[in-house]
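Structure, as structure tokens:
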Number of protein chains: 2
Amino acid sequence: MNSEASAPAPPDNALDVAVIGRLAAKIDERLGQQISFILELDRLKGIIRRSRLIDSSRFENTAEHSWHLAMMAIVLGERAAPEVDVARALKLVLVHDIVEIDAGDVYIYDDAARLSKQANEEAAADRLFGLLPDDQAAEMRELWDEYEDRATPTGQFAYAIDRLQPLLLNAGSGGLSWTENGIREAQVQKVNGPIVAGAVELWDLAQAIIAEATAAGLLLPEE
Amino acid sequence: MNSEASAPAPPDNALDVAVIGRLAAKIDERLGQQISFILELDRLKGIIRRSRLIDSSRFENTAEHSWHLAMMAIVLGERAAPEVDVARALKLVLVHDIVEIDAGDVYIYDDAARLSKQANEEAAADRLFGLLPDDQAAEMRELWDEYEDRATPTGQFAYAIDRLQPLLLNAGSGGLSWTENGIREAQVQKVNGPIVAGAVELWDLAQAIIAEATAAGLLLPEE
């Protein structure tokens, strides 16, 4: 018997997410759906990305990544094209990775895994957004589609932020995620190219960081 | 020599946050300030709260907590009083805990630590928001003040969300954070009381969860 286990088992009479969902649904059915979705979102904190935190202590998870993007949208929103709806871009970056709860995070340089990514994420969107009342499920789906399609200035700005953030983390933590995976400068150029459509100065910054990383030997030159 | 250390030291010629800040400032000084702030925000991912994730695997950090609150503001915003500016409440919850980068998280039931909380957080706000250009520093400070003061309907709604979220996590993970700390029902009632000013149905839900937790012996009854 180890009475000092770090994660003791809950007692038999514990509350759990199913009980909480039922308590919410007793107040009104819509609240039950909303609270069930909110409880499910907790799992995004357990989805691990390939970027390390800047202090290199561990890999980043998708929930905290999404918060970081939201703060970037607030601070850098003034640099977006005038057609960009910055308040909507904020929602896009908060919502865009929720599908990873079911579909997982796919490394941007893993071309094989990216082939099955779309079907997996479509199924995830159906299940996860489907926990919500129909009107809110449709709203979430529209936000996610606008991010994925990158057909609007707002979607392009959200995507630019989402590309710049791991560049900042990888560079800030000394480029480990690049050197460990043998990433080439040309790959980083290609993946980050869409930043230019979102905000020109952010693309200038990405270019400067990539040049510095290549000069420092953190990114491999052309074969 | 252990060549398989999990967090290898960066090479001598590594990029770091100072270099990135300088590269950004070369594009324009304002971008240098904005990027320095964004890089500093990464540290909020290392601030650990007292709530466990629902799967009990670990304690929550403040960055992912802030993302969860933002999603709650989007989904539950329709339940706020008509005077609430939900888009602004979204910014409030994203920004409200940034001061914890310097001041740390203070447990809501630790009355002694809460005495020095305000002075520590004021100093943290000065330093952290001060990394930004003056106009954006002032904007962040206004958001933080509106959350802290809870004098506006929007501030009250943001605060209600911030109280309800740990209640959902604690209850969803079987009430461990309450039983480990010997928390009483009356304490939870008092701390969560402000929810009623933010959204009445969310207070109804909090009441239902507290009653269930007390009946299950997860919260201690009156002395």
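Numbering starts fresh at 1 for the residues of each chain in the structure tokens, the chains themselves are lettered A, B, ... in the order given, and ligands are numbered from 1 as they appear.
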Item to check | Close residues, Leu131 (chain A) itself excluded, 12 Å, only C-alpha atoms, min 4 positions apart in chain, as number ranges by chain | outcome: A: 21, 29-41, 124-127, 135-138, 140; B: 75
With 6 Å as the limit and counting only C-alpha atoms, what residues in chain A lie close to chain B? Please list them as an mmCIF file with N, CA and C atoms, in the first residue's frame.
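Contents of iface.cif, as written:
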data_model
loop_
_atom_site.group_PDB
_atom_site.id
_atom_site.type_symbol
_atom_site.label_atom_id
_atom_site.label_comp_id
_atom_site.auth_asym_id
_atom_site.auth_seq_id
_atom_site.Cartn_x
_atom_site.Cartn_y
_atom_site.Cartn_z
ATOM 1 N N PRO A 10 -10.130 8.723 -7.129
ATOM 2 C CA PRO A 10 -11.254 9.428 -6.536
ATOM 3 C C PRO A 10 -12.112 8.468 -5.707
ATOM 4 N N ASN A 13 -17.952 7.775 -4.479
ATOM 5 C CA ASN A 13 -19.110 8.653 -4.627
ATOM 6 C C ASN A 13 -18.756 9.967 -5.317
ATOM 7 N N ALA A 14 -17.647 9.930 -6.093
ATOM 8 C CA ALA A 14 -17.152 11.173 -6.694
ATOM 9 C C ALA A 14 -18.107 11.732 -7.733
ATOM 10 N N LEU A 15 -18.054 13.037 -7.829
ATOM 11 C CA LEU A 15 -18.627 13.707 -8.983
ATOM 12 C C LEU A 15 -17.802 13.354 -10.213
ATOM 13 N N ASP A 16 -18.400 13.406 -11.375
ATOM 14 C CA ASP A 16 -17.625 13.282 -12.609
ATOM 15 C C ASP A 16 -18.297 14.103 -13.704
ATOM 16 N N VAL A 17 -17.710 14.075 -14.910
ATOM 17 C CA VAL A 17 -18.221 14.953 -15.962
ATOM 18 C C VAL A 17 -19.657 14.603 -16.357
ATOM 19 N N ALA A 24 -26.302 20.315 -15.236
ATOM 20 C CA ALA A 24 -26.484 21.480 -16.131
ATOM 21 C C ALA A 24 -27.745 21.308 -16.974
ATOM 22 N N ALA A 63 -3.616 23.664 -26.026
ATOM 23 C CA ALA A 63 -4.466 24.658 -25.359
ATOM 24 C C ALA A 63 -3.664 25.924 -25.061
ATOM 25 N N GLU A 64 -2.472 25.756 -24.498
ATOM 26 C CA GLU A 64 -1.665 26.938 -24.163
ATOM 27 C C GLU A 64 -1.142 27.616 -25.438
ATOM 28 N N TRP A 67 -3.880 29.897 -26.579
ATOM 29 C CA TRP A 67 -3.892 31.150 -25.800
ATOM 30 C C TRP A 67 -2.806 32.101 -26.300
ATOM 31 N N ALA A 171 13.002 29.284 -32.458
ATOM 32 C CA ALA A 171 14.185 30.150 -32.453
ATOM 33 C C ALA A 171 14.541 30.552 -31.015
ATOM 34 N N GLY A 172 13.519 30.907 -30.222
ATOM 35 C CA GLY A 172 13.759 31.361 -28.842
ATOM 36 C C GLY A 172 14.344 30.280 -27.957
ATOM 37 N N GLY A 174 16.455 28.091 -29.040
ATOM 38 C CA GLY A 174 17.752 27.682 -29.609
ATOM 39 C C GLY A 174 17.659 26.748 -30.794
ATOM 40 N N LEU A 205 9.899 39.666 -40.435
ATOM 41 C CA LEU A 205 10.494 39.117 -39.210
ATOM 42 C C LEU A 205 10.823 37.634 -39.380
ATOM 43 N N ALA A 216 23.421 30.377 -38.296
ATOM 44 C CA ALA A 216 23.894 29.756 -37.049
ATOM 45 C C ALA A 216 23.960 28.231 -37.162
#
Next on the checklist: List as a VMD selection string the protein and nucleic acid residues near Asn181 (chain A), meaning an atom at most 12 Å away when only C-alpha atoms are counted, but skip any in the same chain fewer than 3 places from it.
Outcome noted: chain A and resid 50 to 51 107 to 110 170 175 to 178 184 187 218 to 220
Item to check | Point-to-point distance in Å for CA of Ala89 (chain A) and CA of Tyr147 (chain A) | outcome: 8.6 Å
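We find CA of Glu185 (chain A) and CA of Ala197 (chain A) to be spaced 19.9 Å apart.
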Item to check | Long-range neighbours of Pro82 (chain A) as a ChimeraX atom specification, 12 Å cut-off, only C-alpha atoms, 6 positions minimum in chain | outcome: /A:153-154,157,198-199
Item to check | Which of region 85-144 of chain A fall in alpha helix (DSSP H), as a ChimeraX atom specification | outcome: /A:86-95,100-103,111-115,117-129,134-144
The selected residues should be written to file as a short mmCIF file (atom, residue, chain, number, x, y, z; two decimals), in the first residue's frame (atoms: C-alpha atoms).
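The new file again19.cif reads:
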data_model
loop_
_atom_site.label_atom_id
_atom_site.label_comp_id
_atom_site.auth_asym_id
_atom_site.auth_seq_id
_atom_site.Cartn_x
_atom_site.Cartn_y
_atom_site.Cartn_z
CA VAL A 86 -9.34 41.15 -35.85
CA ALA A 87 -12.06 40.24 -33.32
CA ARG A 88 -13.03 37.32 -35.55
CA ALA A 89 -9.37 36.33 -36.06
CA LEU A 90 -9.16 36.08 -32.27
CA LYS A 91 -12.00 33.53 -32.29
CA LEU A 92 -10.43 31.66 -35.22
CA VAL A 93 -7.16 31.06 -33.38
CA LEU A 94 -8.98 30.04 -30.18
CA VAL A 95 -11.09 27.46 -32.03
CA GLU A 100 -6.86 17.89 -32.29
CA ILE A 101 -8.68 16.50 -29.22
CA ASP A 102 -9.67 13.59 -31.46
CA ALA A 103 -7.29 13.90 -34.43
CA ASP A 111 4.16 14.86 -45.14
CA ALA A 112 2.88 11.28 -44.78
CA ALA A 113 0.77 11.99 -41.71
CA ARG A 114 -0.64 15.11 -43.33
CA LEU A 115 -2.32 12.98 -46.03
CA LYS A 117 -5.09 14.68 -41.55
CA GLN A 118 -8.09 16.16 -43.31
CA ALA A 119 -10.43 13.16 -42.99
CA ASN A 120 -9.48 12.68 -39.34
CA GLU A 121 -10.09 16.33 -38.55
CA GLU A 122 -13.44 16.39 -40.37
CA ALA A 123 -14.67 13.51 -38.21
CA ALA A 124 -13.31 15.23 -35.12
CA ALA A 125 -15.12 18.47 -35.98
CA ASP A 126 -18.40 16.57 -36.43
CA ARG A 127 -18.14 14.90 -33.04
CA LEU A 128 -16.71 17.74 -30.97
CA PHE A 129 -18.71 20.69 -32.32
CA ASP A 134 -26.95 23.16 -33.40
CA ASP A 135 -26.57 26.91 -33.90
CA GLN A 136 -23.34 27.06 -31.91
CA ALA A 137 -22.01 23.91 -33.60
CA ALA A 138 -22.55 25.63 -36.96
CA GLU A 139 -20.79 28.78 -35.69
CA MET A 140 -17.75 26.78 -34.55
CA ARG A 141 -17.65 24.92 -37.82
CA GLU A 142 -17.69 28.19 -39.77
CA LEU A 143 -14.79 29.52 -37.70
CA TRP A 144 -12.80 26.33 -38.24
#
Checklist outcome for this item: A straight line from CA of Gly193 (chain B) to CA of Ile47 (chain B) spans 25.8 Å
